[in-house]
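File shown: my_file.pdb (PDB, C-alpha atoms).
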MODEL        1
ATOM      1  CA  LEU A   1     150.615  50.584 159.203
ATOM      2  CA  VAL A   2     152.008  53.995 158.307
ATOM      3  CA  ASP A   3     150.123  57.145 159.319
ATOM      4  CA  VAL A   4     151.336  60.684 158.600
ATOM      5  CA  GLU A   5     149.489  63.835 159.659
ATOM      6  CA  GLY A   6     150.423  67.490 159.538
ATOM      7  CA  ASP A   7     149.499  71.043 158.536
ATOM      8  CA  LEU A   8     149.868  71.511 154.784
ATOM      9  CA  VAL A   9     149.271  75.244 155.033
ATOM     10  CA  PRO A  10     147.834  77.318 157.871
ATOM     11  CA  ARG A  11     144.320  76.075 158.810
ATOM     12  CA  LEU A  12     144.564  73.045 156.458
ATOM     13  CA  LEU A  13     145.371  69.672 158.030
ATOM     14  CA  GLY A  14     146.200  66.636 155.921
ATOM     15  CA  ASN A  15     146.372  62.966 156.853
ATOM     16  CA  VAL A  16     147.676  60.059 154.765
ATOM     17  CA  ALA A  17     147.712  56.451 155.953
ATOM     18  CA  ALA A  18     148.543  53.084 154.409
ATOM     19  CA  ARG A  19     148.027  49.592 155.805
ATOM     20  CA  TYR A  20     149.338  46.270 154.516
ATOM     21  CA  GLU A  21     147.719  43.001 155.597
ATOM     22  CA  HIS A  22     148.541  39.416 154.685
ATOM     23  CA  TYR A  23     146.374  36.369 155.315
ATOM     24  CA  THR A  24     147.666  32.906 154.509
ATOM     25  CA  ASP A  25     144.168  31.903 153.374
ATOM     26  CA  PHE A  26     143.073  35.078 151.570
ATOM     27  CA  GLY A  27     146.208  36.767 150.263
ATOM     28  CA  SER A  28     147.560  40.285 150.700
ATOM     29  CA  LYS A  29     145.986  43.709 150.466
ATOM     30  CA  LEU A  30     147.259  47.277 150.647
ATOM     31  CA  THR A  31     144.661  49.815 151.773
ATOM     32  CA  GLY A  32     144.920  53.550 152.257
ATOM     33  CA  LYS A  33     143.254  56.686 153.582
ATOM     34  CA  LEU A  34     143.421  60.349 152.629
ATOM     35  CA  ALA A  35     141.776  62.920 154.892
ATOM     36  CA  MET A  36     141.649  66.728 154.865
ATOM     37  CA  ARG A  37     140.370  69.218 157.429
ATOM     38  CA  PHE A  38     140.041  72.916 156.712
ATOM     39  CA  GLN A  39     139.256  75.365 159.519
ATOM     40  CA  PRO A  40     138.873  78.882 158.093
ATOM     41  CA  THR A  41     137.772  80.202 161.498
ATOM     42  CA  PRO A  42     137.665  78.660 165.001
ATOM     43  CA  LEU A  43     133.878  78.356 164.563
ATOM     44  CA  VAL A  44     133.823  76.536 161.198
ATOM     45  CA  THR A  45     135.406  73.205 160.233
ATOM     46  CA  LEU A  46     135.190  71.460 156.862
ATOM     47  CA  ARG A  47     136.330  67.845 156.473
ATOM     48  CA  ALA A  48     136.549  65.081 153.877
ATOM     49  CA  THR A  49     137.919  61.545 153.792
ATOM     50  CA  ALA A  50     138.486  58.885 151.153
ATOM     51  CA  SER A  51     139.705  55.404 152.012
ATOM     52  CA  THR A  52     139.793  51.786 150.911
ATOM     53  CA  GLY A  53     139.135  48.768 153.087
ATOM     54  CA  PHE A  54     139.674  45.026 153.270
ATOM     55  CA  ARG A  55     137.914  42.389 155.390
ATOM     56  CA  ALA A  56     138.762  38.711 155.407
ATOM     57  CA  PRO A  57     135.898  36.262 156.022
ATOM     58  CA  SER A  58     135.366  35.442 159.694
ATOM     59  CA  LEU A  59     135.945  31.980 161.128
ATOM     60  CA  ASN A  60     132.172  31.495 161.437
ATOM     61  CA  GLN A  61     131.632  32.360 157.785
ATOM     62  CA  SER A  62     134.358  29.946 156.746
ATOM     63  CA  TYR A  63     133.694  26.982 159.027
ATOM     64  CA  TYR A  64     130.276  27.196 160.707
ATOM     65  CA  SER A  65     128.147  24.080 160.300
ATOM     66  CA  SER A  66     124.674  23.258 161.591
ATOM     67  CA  VAL A  67     121.915  20.796 160.705
ATOM     68  CA  VAL A  68     118.424  21.174 162.198
ATOM     69  CA  THR A  69     115.108  19.424 161.690
ATOM     70  CA  ASN A  70     112.252  21.509 160.305
ATOM     71  CA  PHE A  71     108.751  20.673 159.153
ATOM     72  CA  LYS A  72     106.820  21.199 155.943
ATOM     73  CA  THR A  73     103.356  20.180 154.840
ATOM     74  CA  ASP A  74     103.051  16.902 152.957
ATOM     75  CA  PRO A  75     101.306  17.898 149.685
ATOM     76  CA  ALA A  76      99.496  14.559 149.524
ATOM     77  CA  THR A  77      98.185  14.212 153.084
ATOM     78  CA  GLY A  78      98.516  17.684 154.557
ATOM     79  CA  ASP A  79     100.371  16.246 157.540
ATOM     80  CA  PRO A  80     103.586  17.762 158.947
ATOM     81  CA  LEU A  81     106.622  16.213 157.283
ATOM     82  CA  ALA A  82     110.046  16.407 158.964
ATOM     83  CA  PHE A  83     113.115  17.269 156.918
ATOM     84  CA  ASP A  84     116.686  18.346 157.692
ATOM     85  CA  ILE A  85     118.160  21.666 156.613
ATOM     86  CA  GLY A  86     121.792  22.584 157.059
ATOM     87  CA  ILE A  87     124.221  25.488 156.917
ATOM     88  CA  PHE A  88     127.399  24.009 155.494
ATOM     89  CA  PRO A  89     130.996  25.304 155.245
ATOM     90  CA  VAL A  90     132.113  26.132 151.713
ATOM     91  CA  ASN A  91     134.609  23.246 151.731
ATOM     92  CA  SER A  92     131.985  20.640 152.696
ATOM     93  CA  ARG A  93     130.740  18.086 150.173
ATOM     94  CA  GLU A  94     127.194  19.479 150.415
ATOM     95  CA  ALA A  95     128.196  23.086 149.723
ATOM     96  CA  ARG A  96     130.585  22.141 146.913
ATOM     97  CA  ALA A  97     127.879  20.037 145.253
ATOM     98  CA  LEU A  98     125.619  23.126 145.267
ATOM     99  CA  GLY A  99     128.212  25.446 143.747
ATOM    100  CA  ALA A 100     130.102  26.869 146.729
ATOM    101  CA  ARG A 101     133.508  28.388 146.009
ATOM    102  CA  PRO A 102     136.327  29.294 148.429
ATOM    103  CA  LEU A 103     135.512  32.603 150.093
ATOM    104  CA  LYS A 104     137.391  35.753 149.107
ATOM    105  CA  ALA A 105     138.041  38.850 151.171
ATOM    106  CA  GLU A 106     135.642  41.772 150.864
ATOM    107  CA  SER A 107     137.004  45.067 149.585
ATOM    108  CA  SER A 108     135.475  48.499 150.067
ATOM    109  CA  ARG A 109     135.758  52.137 149.058
ATOM    110  CA  ASN A 110     134.604  54.761 151.546
ATOM    111  CA  TYR A 111     133.975  58.477 151.003
ATOM    112  CA  SER A 112     132.692  61.092 153.428
ATOM    113  CA  ALA A 113     132.471  64.870 153.667
ATOM    114  CA  GLY A 114     131.001  67.220 156.206
ATOM    115  CA  PHE A 115     131.232  70.286 158.374
ATOM    116  CA  ALA A 116     130.913  71.493 161.954
ATOM    117  CA  ILE A 117     129.796  75.040 162.723
ATOM    118  CA  THR A 118     129.232  77.014 165.920
ATOM    119  CA  PRO A 119     127.058  80.000 164.936
ATOM    120  CA  VAL A 120     126.701  81.253 168.515
ATOM    121  CA  GLU A 121     128.275  80.332 171.826
ATOM    122  CA  ASN A 122     127.210  76.903 173.182
ATOM    123  CA  LEU A 123     125.418  75.906 169.956
ATOM    124  CA  THR A 124     127.063  73.515 167.478
ATOM    125  CA  PHE A 125     125.765  71.900 164.296
ATOM    126  CA  THR A 126     127.440  69.060 162.377
ATOM    127  CA  SER A 127     126.554  67.374 159.116
ATOM    128  CA  ASP A 128     128.259  64.545 157.216
ATOM    129  CA  VAL A 129     127.431  62.584 154.071
ATOM    130  CA  TYR A 130     128.991  59.237 153.271
ATOM    131  CA  LEU A 131     129.176  56.621 150.542
ATOM    132  CA  ILE A 132     130.410  53.043 151.033
ATOM    133  CA  ASP A 133     130.871  50.562 148.183
ATOM    134  CA  ILE A 134     131.544  46.930 149.142
ATOM    135  CA  ASP A 135     132.613  44.356 146.541
ATOM    136  CA  ASP A 136     132.352  40.573 147.016
ATOM    137  CA  ARG A 137     130.277  40.932 150.188
ATOM    138  CA  VAL A 138     130.056  37.697 152.170
ATOM    139  CA  VAL A 139     126.419  36.697 152.688
ATOM    140  CA  LEU A 140     124.430  33.569 153.419
ATOM    141  CA  THR A 141     122.540  32.076 150.493
ATOM    142  CA  GLY A 142     118.802  31.694 150.596
ATOM    143  CA  PHE A 143     117.192  28.372 151.505
ATOM    144  CA  LEU A 144     118.116  26.018 148.665
ATOM    145  CA  ASP A 145     115.285  23.525 149.029
ATOM    146  CA  THR A 146     113.788  22.417 145.722
ATOM    147  CA  ASP A 147     113.419  18.720 144.866
ATOM    148  CA  SER A 148     116.427  19.033 142.556
ATOM    149  CA  VAL A 149     118.555  20.346 145.422
ATOM    150  CA  ALA A 150     117.404  17.494 147.660
ATOM    151  CA  SER A 151     118.418  15.047 144.921
ATOM    152  CA  ILE A 152     121.880  16.634 144.657
ATOM    153  CA  LEU A 153     122.338  16.395 148.427
ATOM    154  CA  ARG A 154     121.273  12.733 148.468
ATOM    155  CA  GLY A 155     123.776  12.115 145.695
ATOM    156  CA  VAL A 156     126.671  13.163 147.937
ATOM    157  CA  GLY A 157     125.438  11.115 150.871
ATOM    158  CA  SER A 158     123.917  13.927 152.929
ATOM    159  CA  ARG A 159     120.841  13.452 155.118
ATOM    160  CA  ALA A 160     119.878  17.110 154.587
ATOM    161  CA  GLU A 161     117.205  17.981 152.030
ATOM    162  CA  ALA A 162     117.875  21.735 152.000
ATOM    163  CA  ALA A 163     121.004  23.803 152.469
ATOM    164  CA  GLN A 164     122.636  27.197 152.820
ATOM    165  CA  TYR A 165     126.265  28.317 152.617
ATOM    166  CA  PHE A 166     128.246  31.559 152.688
ATOM    167  CA  THR A 167     129.273  33.119 149.389
ATOM    168  CA  ASN A 168     130.798  36.289 147.892
ATOM    169  CA  ALA A 169     127.650  36.936 145.883
ATOM    170  CA  LEU A 170     126.838  40.623 146.305
ATOM    171  CA  ASP A 171     128.176  44.100 145.635
ATOM    172  CA  THR A 172     126.460  46.747 147.754
ATOM    173  CA  ARG A 173     126.369  50.540 147.984
ATOM    174  CA  THR A 174     125.394  52.411 151.151
ATOM    175  CA  ARG A 175     124.594  56.131 151.144
ATOM    176  CA  GLY A 176     123.987  58.121 154.282
ATOM    177  CA  LEU A 177     123.596  61.468 156.002
ATOM    178  CA  ASP A 178     124.208  62.383 159.659
ATOM    179  CA  VAL A 179     123.053  65.719 161.099
ATOM    180  CA  THR A 180     123.399  66.769 164.740
ATOM    181  CA  GLY A 181     122.727  69.868 166.798
ATOM    182  CA  ASP A 182     123.939  70.429 170.366
ATOM    183  CA  PHE A 183     123.091  73.249 172.780
ATOM    184  CA  GLN A 184     124.427  73.781 176.314
ATOM    185  CA  SER A 185     123.417  76.535 178.726
ATOM    186  CA  VAL A 186     123.286  77.485 182.401
ATOM    187  CA  ALA A 187     119.649  77.877 183.500
ATOM    188  CA  PHE A 188     117.292  77.119 186.409
ATOM    189  CA  GLY A 189     120.227  76.933 188.802
ATOM    190  CA  GLY A 190     121.892  74.130 186.865
ATOM    191  CA  THR A 191     123.085  73.046 183.435
ATOM    192  CA  VAL A 192     120.668  72.425 180.572
ATOM    193  CA  GLY A 193     121.619  70.451 177.477
ATOM    194  CA  LEU A 194     119.659  69.742 174.328
ATOM    195  CA  ASN A 195     120.830  67.424 171.558
ATOM    196  CA  ALA A 196     119.104  66.551 168.274
ATOM    197  CA  ALA A 197     120.319  63.937 165.810
ATOM    198  CA  PHE A 198     119.109  62.706 162.424
ATOM    199  CA  ASN A 199     120.425  59.796 160.365
ATOM    200  CA  TYR A 200     119.466  58.606 156.888
ATOM    201  CA  THR A 201     120.980  55.409 155.500
ATOM    202  CA  ARG A 202     120.055  53.492 152.383
ATOM    203  CA  THR A 203     121.700  50.333 151.061
ATOM    204  CA  THR A 204     121.236  49.078 147.506
ATOM    205  CA  ILE A 205     122.561  45.959 145.818
ATOM    206  CA  SER A 206     124.568  46.996 142.785
ATOM    207  CA  ASN A 207     124.371  43.592 141.065
ATOM    208  CA  GLU A 208     120.833  42.645 142.145
ATOM    209  CA  SER A 209     119.765  41.921 138.579
ATOM    210  CA  SER A 210     122.856  39.848 137.799
ATOM    211  CA  ILE A 211     123.679  37.781 140.888
ATOM    212  CA  PRO A 212     125.709  34.875 139.478
ATOM    213  CA  LEU A 213     124.098  31.427 139.722
ATOM    214  CA  PRO A 214     126.624  28.585 140.024
ATOM    215  CA  PRO A 215     126.467  26.048 137.170
ATOM    216  CA  GLU A 216     125.645  23.362 139.745
ATOM    217  CA  LEU A 217     122.312  25.084 140.472
ATOM    218  CA  GLU A 218     121.258  25.687 136.866
ATOM    219  CA  GLY A 219     118.035  23.874 136.085
ATOM    220  CA  THR A 220     117.140  23.378 139.759
ATOM    221  CA  GLY A 221     114.625  26.238 139.878
ATOM    222  CA  GLU A 222     116.670  27.963 142.576
ATOM    223  CA  GLU A 223     117.878  31.501 143.098
ATOM    224  CA  LEU A 224     121.155  31.826 144.973
ATOM    225  CA  ILE A 225     119.662  34.563 147.179
ATOM    226  CA  GLY A 226     115.920  35.127 146.971
ATOM    227  CA  ARG A 227     114.347  38.522 147.444
ATOM    228  CA  TYR A 228     111.948  37.262 150.115
ATOM    229  CA  ASP A 229     114.197  34.754 151.879
ATOM    230  CA  GLU A 230     114.917  35.276 155.561
ATOM    231  CA  GLY A 231     118.012  37.483 155.461
ATOM    232  CA  GLY A 232     117.565  37.847 151.688
ATOM    233  CA  LEU A 233     117.665  40.842 149.364
ATOM    234  CA  LEU A 234     114.660  42.583 150.892
ATOM    235  CA  ALA A 235     116.100  42.182 154.395
ATOM    236  CA  MET A 236     119.395  43.764 153.326
ATOM    237  CA  THR A 237     117.804  46.813 151.734
ATOM    238  CA  LYS A 238     114.386  47.434 153.348
ATOM    239  CA  GLU A 239     114.190  45.654 156.702
ATOM    240  CA  ARG A 240     115.722  48.522 158.677
ATOM    241  CA  PRO A 241     114.225  52.022 158.800
ATOM    242  CA  ALA A 242     115.878  54.298 156.270
ATOM    243  CA  TRP A 243     115.964  57.154 158.739
ATOM    244  CA  ARG A 244     115.993  57.765 162.464
ATOM    245  CA  SER A 245     115.869  60.906 164.600
ATOM    246  CA  THR A 246     116.363  61.489 168.329
ATOM    247  CA  LEU A 247     115.900  64.462 170.626
ATOM    248  CA  THR A 248     117.561  64.370 174.048
ATOM    249  CA  GLY A 249     117.210  66.829 176.930
ATOM    250  CA  LEU A 250     119.495  66.774 179.984
ATOM    251  CA  TYR A 251     119.291  68.811 183.184
ATOM    252  CA  SER A 252     121.960  68.677 185.912
ATOM    253  CA  ARG A 253     122.078  70.423 189.259
ATOM    254  CA  GLY A 254     124.514  69.405 191.967
ATOM    255  CA  PRO A 255     124.393  65.627 192.497
ATOM    256  CA  TRP A 256     121.121  65.315 190.562
ATOM    257  CA  SER A 257     120.525  64.928 186.877
ATOM    258  CA  GLY A 258     117.578  64.041 184.708
ATOM    259  CA  LEU A 259     117.299  62.928 181.091
ATOM    260  CA  ALA A 260     114.435  62.715 178.611
ATOM    261  CA  ARG A 261     114.749  61.253 175.130
ATOM    262  CA  TRP A 262     112.382  61.018 172.171
ATOM    263  CA  SER A 263     113.126  58.767 169.193
ATOM    264  CA  TYR A 264     111.353  58.391 165.889
ATOM    265  CA  TYR A 265     111.989  55.832 163.164
ATOM    266  CA  GLY A 266     110.967  55.711 159.539
ATOM    267  CA  LYS A 267     109.041  52.922 157.863
ATOM    268  CA  TYR A 268     110.501  49.539 156.976
ATOM    269  CA  THR A 269     109.445  46.489 154.980
ATOM    270  CA  SER A 270     109.987  42.884 156.049
ATOM    271  CA  SER A 271     109.368  39.570 154.319
ATOM    272  CA  LEU A 272     108.780  37.919 157.713
ATOM    273  CA  TYR A 273     105.494  39.677 158.564
TER     274      TYR A 273
ENDMDL
END
Show me the file's structure as structure tokens.
Amino acid sequence: LVDVEGDLVPRLLGNVAARYEHYTDFGSKLTGKLAMRFQPTPLVTLRATASTGFRAPSLNQSYYSSVVTNFKTDPATGDPLAFDIGIFPVNSREARALGARPLKAESSRNYSAGFAITPVENLTFTSDVYLIDIDDRVVLTGFLDTDSVASILRGVGSRAEAAQYFTNALDTRTRGLDVTGDFQSVAFGGTVGLNAAFNYTRTTISNESSIPLPPELEGTGEELIGRYDEGGLLAMTKERPAWRSTLTGLYSRGPWSGLARWSYYGKYTSSLY
């Protein structure tokens, strides 16, 4: 890691950093960061950052394995019918038979820009926008559970009839905005503070219409990641509120302090309800 920071000209600060990482399983990657901060007056600060990132798959994503018994309705009798479903490592016979490939590291590009301003004493506003692109994001497949999948699993000697595994299937883009306001004052014989914050974040899947289906799953009637699967495409993009705001008031006097907070969340959509 090399990190260099200094004043380029009066009131303009620059920062350049580079990081080299090597993984025996996932190869090498050089990432970097460029940041600038301009402060035309002590009350105004402008800032911007661009960087690249690298994340190797975790041990859980590479090696986690679990088989559990679930139940489905027998179409002939209507009775509960037990079946096994598993999450399999990518190097297992089950995952390979269903098209799993060795996991790759994720790579990202990150951009942000913002400002901080103090228009009057004890009052500060900040605002930042950001954009994050992630390529080859590691995610869990949907439930692969058609009759064709069950036949493939039986063919490799597995007792499971349905399966999931981790894969580098998605490219995502996250856009966001953070806005804060903070006020501090002496009043009522103590200190009064008021803080307001707003966040907007939206994630989209850049390759949603072209998620690659392994040749092993062609003709099985499966999607690698379904829109309405638990943890599927809808969960990644709509299952968290797009925006959130909070308002916090704090009063302190001597050894006593009191806090009140109000939070409000936007709407969300879930495939589970």
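Comparing A:Ala105, A:Met236, A:Ala196, A:Ala242 by their smallest distance to Leu123 (chain A), the closest is A:Ala196 (using all atoms listed in the file).
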Please, what distance in Å, to one decimal, runs between CA of Ala17 (chain A) and CA of Arg137 (chain A)?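 For CA of Ala17 (chain A) relative to CA of Arg137 (chain A), the distance reads 24.0 Å.
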On this structure, which residues satisfy the PyMOL selection byres ((chain A and resi 81) around 6), written as a PyMOL selection string? chain A and resi 71-74+80+82
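Near region 204-210 of chain A, within 6 Å and counting all atoms listed in the file, sit Asp171, Thr172, Arg173 and Thr237 of chain A, not including residues fewer than 4 positions from it in the same chain.
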Output of the above residues as a tab-separated table (two decimals), in the coordinates of the input, restricted to C-alpha atoms:
chain	number	residue	atom	x	y	z
A	171	ASP	CA	128.18	44.10	145.64
A	172	THR	CA	126.46	46.75	147.75
A	173	ARG	CA	126.37	50.54	147.98
A	237	THR	CA	117.80	46.81	151.73
Give me the residues near Ile211 (chain A) as a PDB file with C-alpha atoms, in the frame of the given file, where near means some atom within 9 Å (using all atoms listed in the file) and where sequence neighbours in that chain fewer than 3 positions away do not count.
ATOM      1  CA  ALA A 169     127.650  36.936 145.883  1.00  0.00           C
ATOM      2  CA  LEU A 170     126.838  40.623 146.305  1.00  0.00           C
ATOM      3  CA  ASN A 207     124.371  43.592 141.065  1.00  0.00           C
ATOM      4  CA  GLU A 208     120.833  42.645 142.145  1.00  0.00           C
ATOM      5  CA  GLU A 223     117.878  31.501 143.098  1.00  0.00           C
ATOM      6  CA  LEU A 224     121.155  31.826 144.973  1.00  0.00           C
ATOM      7  CA  ILE A 225     119.662  34.563 147.179  1.00  0.00           C
TER       8      ILE A 225
END
Quick one: residues within 7 Å of Arg55 (chain A), all atoms listed in the file, excluding same-chain residues fewer than 2 positions away - as number ranges by chain? A: 53, 57, 105-107
So how many Å separate CA of Gly266 (chain A) and CA of Leu194 (chain A), to one decimal? 22.2 Å
Could you state which residues are captured by the PyMOL selection byres ((chain A and resi 189) around 12) in this file, as number ranges by chain? A: 185-188, 190-192, 251-254, 256
Spell out the residues picked by the PyMOL selection byres ((chain A and resi 220) around 12) here, as a PDB file with C-alpha atoms, in the frame of the given file.
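Final output, saved to part-v3.pdb:
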ATOM      1  CA  LEU A  98     125.619  23.126 145.267  1.00  0.00           C
ATOM      2  CA  GLY A  99     128.212  25.446 143.747  1.00  0.00           C
ATOM      3  CA  LEU A 144     118.116  26.018 148.665  1.00  0.00           C
ATOM      4  CA  ASP A 145     115.285  23.525 149.029  1.00  0.00           C
ATOM      5  CA  THR A 146     113.788  22.417 145.722  1.00  0.00           C
ATOM      6  CA  ASP A 147     113.419  18.720 144.866  1.00  0.00           C
ATOM      7  CA  SER A 148     116.427  19.033 142.556  1.00  0.00           C
ATOM      8  CA  VAL A 149     118.555  20.346 145.422  1.00  0.00           C
ATOM      9  CA  ALA A 150     117.404  17.494 147.660  1.00  0.00           C
ATOM     10  CA  SER A 151     118.418  15.047 144.921  1.00  0.00           C
ATOM     11  CA  ILE A 152     121.880  16.634 144.657  1.00  0.00           C
ATOM     12  CA  LEU A 213     124.098  31.427 139.722  1.00  0.00           C
ATOM     13  CA  PRO A 214     126.624  28.585 140.024  1.00  0.00           C
ATOM     14  CA  PRO A 215     126.467  26.048 137.170  1.00  0.00           C
ATOM     15  CA  GLU A 216     125.645  23.362 139.745  1.00  0.00           C
ATOM     16  CA  LEU A 217     122.312  25.084 140.472  1.00  0.00           C
ATOM     17  CA  GLU A 218     121.258  25.687 136.866  1.00  0.00           C
ATOM     18  CA  GLY A 219     118.035  23.874 136.085  1.00  0.00           C
ATOM     19  CA  GLY A 221     114.625  26.238 139.878  1.00  0.00           C
ATOM     20  CA  GLU A 222     116.670  27.963 142.576  1.00  0.00           C
ATOM     21  CA  GLU A 223     117.878  31.501 143.098  1.00  0.00           C
ATOM     22  CA  LEU A 224     121.155  31.826 144.973  1.00  0.00           C
TER      23      LEU A 224
END
If we count only C-alpha atoms and set the cut-off at 8 Å, which residues sit around Leu177 (chain A), ignoring sequence neighbours fewer than 3 positions away in its own chain? Please answer as a ChimeraX atom specification. /A:127-130,198-201
Would you pick out the contacts of region 58-68 of chain A at 9 Å or less, using all atoms listed in the file, so that residues sharing its chain but fewer than 5 positions from it are not included, and give the list as a compact mmCIF listing (two decimals) with C-alpha atoms, keeping the file's coordinate frame?
# COMPACT_ATOMS: atom_id res chain seq x y z
CA PHE A 83 113.12 17.27 156.92
CA ASP A 84 116.69 18.35 157.69
CA ILE A 85 118.16 21.67 156.61
CA GLY A 86 121.79 22.58 157.06
CA ILE A 87 124.22 25.49 156.92
CA PHE A 88 127.40 24.01 155.49
CA PRO A 89 131.00 25.30 155.24
CA VAL A 90 132.11 26.13 151.71
CA ASN A 91 134.61 23.25 151.73
CA PRO A 102 136.33 29.29 148.43
CA LEU A 103 135.51 32.60 150.09
CA VAL A 138 130.06 37.70 152.17
CA VAL A 139 126.42 36.70 152.69
CA LEU A 140 124.43 33.57 153.42
CA ALA A 160 119.88 17.11 154.59
CA ALA A 163 121.00 23.80 152.47
CA TYR A 165 126.26 28.32 152.62
CA PHE A 166 128.25 31.56 152.69
CA THR A 167 129.27 33.12 149.39
Atomic separation - CA of Asp136 (chain A) relative to CA of Val156 (chain A), Å: 28.0 Å
Measuring atom to atom with all atoms listed in the file, identify which of A:Tyr264, A:Phe26, A:Tyr228, A:Phe38 is nearest to Ser245 (chain A).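 Closest to Ser245 (chain A) of all the choices is A:Tyr264.
Distance annotation: of A:Ile117, A:Ala18, A:Ala100, A:Leu12, the residue with the minimal separation from Gln164 (chain A) is A:Ala100; atom set is all atoms listed in the file.
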Could you check the closest approach to Lys29 (chain A) for each of A:Val4, A:Ala95, A:Ser257, A:Ser108 and tell me which residue wins, using only C-alpha atoms?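 The closest residue to Lys29 (chain A) is A:Ser108.
Comparing the minimum interatomic distances between Glu239 (chain A) and each of A:His22, A:Lys267, A:Lys104, A:Lys33, counting all atoms listed in the file, we find that A:Lys267 sits nearest.
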From the list A:Gly231, A:Gly157, A:Pro75, A:Gly142, the nearest residue to Ala97 (chain A) using all atoms listed in the file is A:Gly157
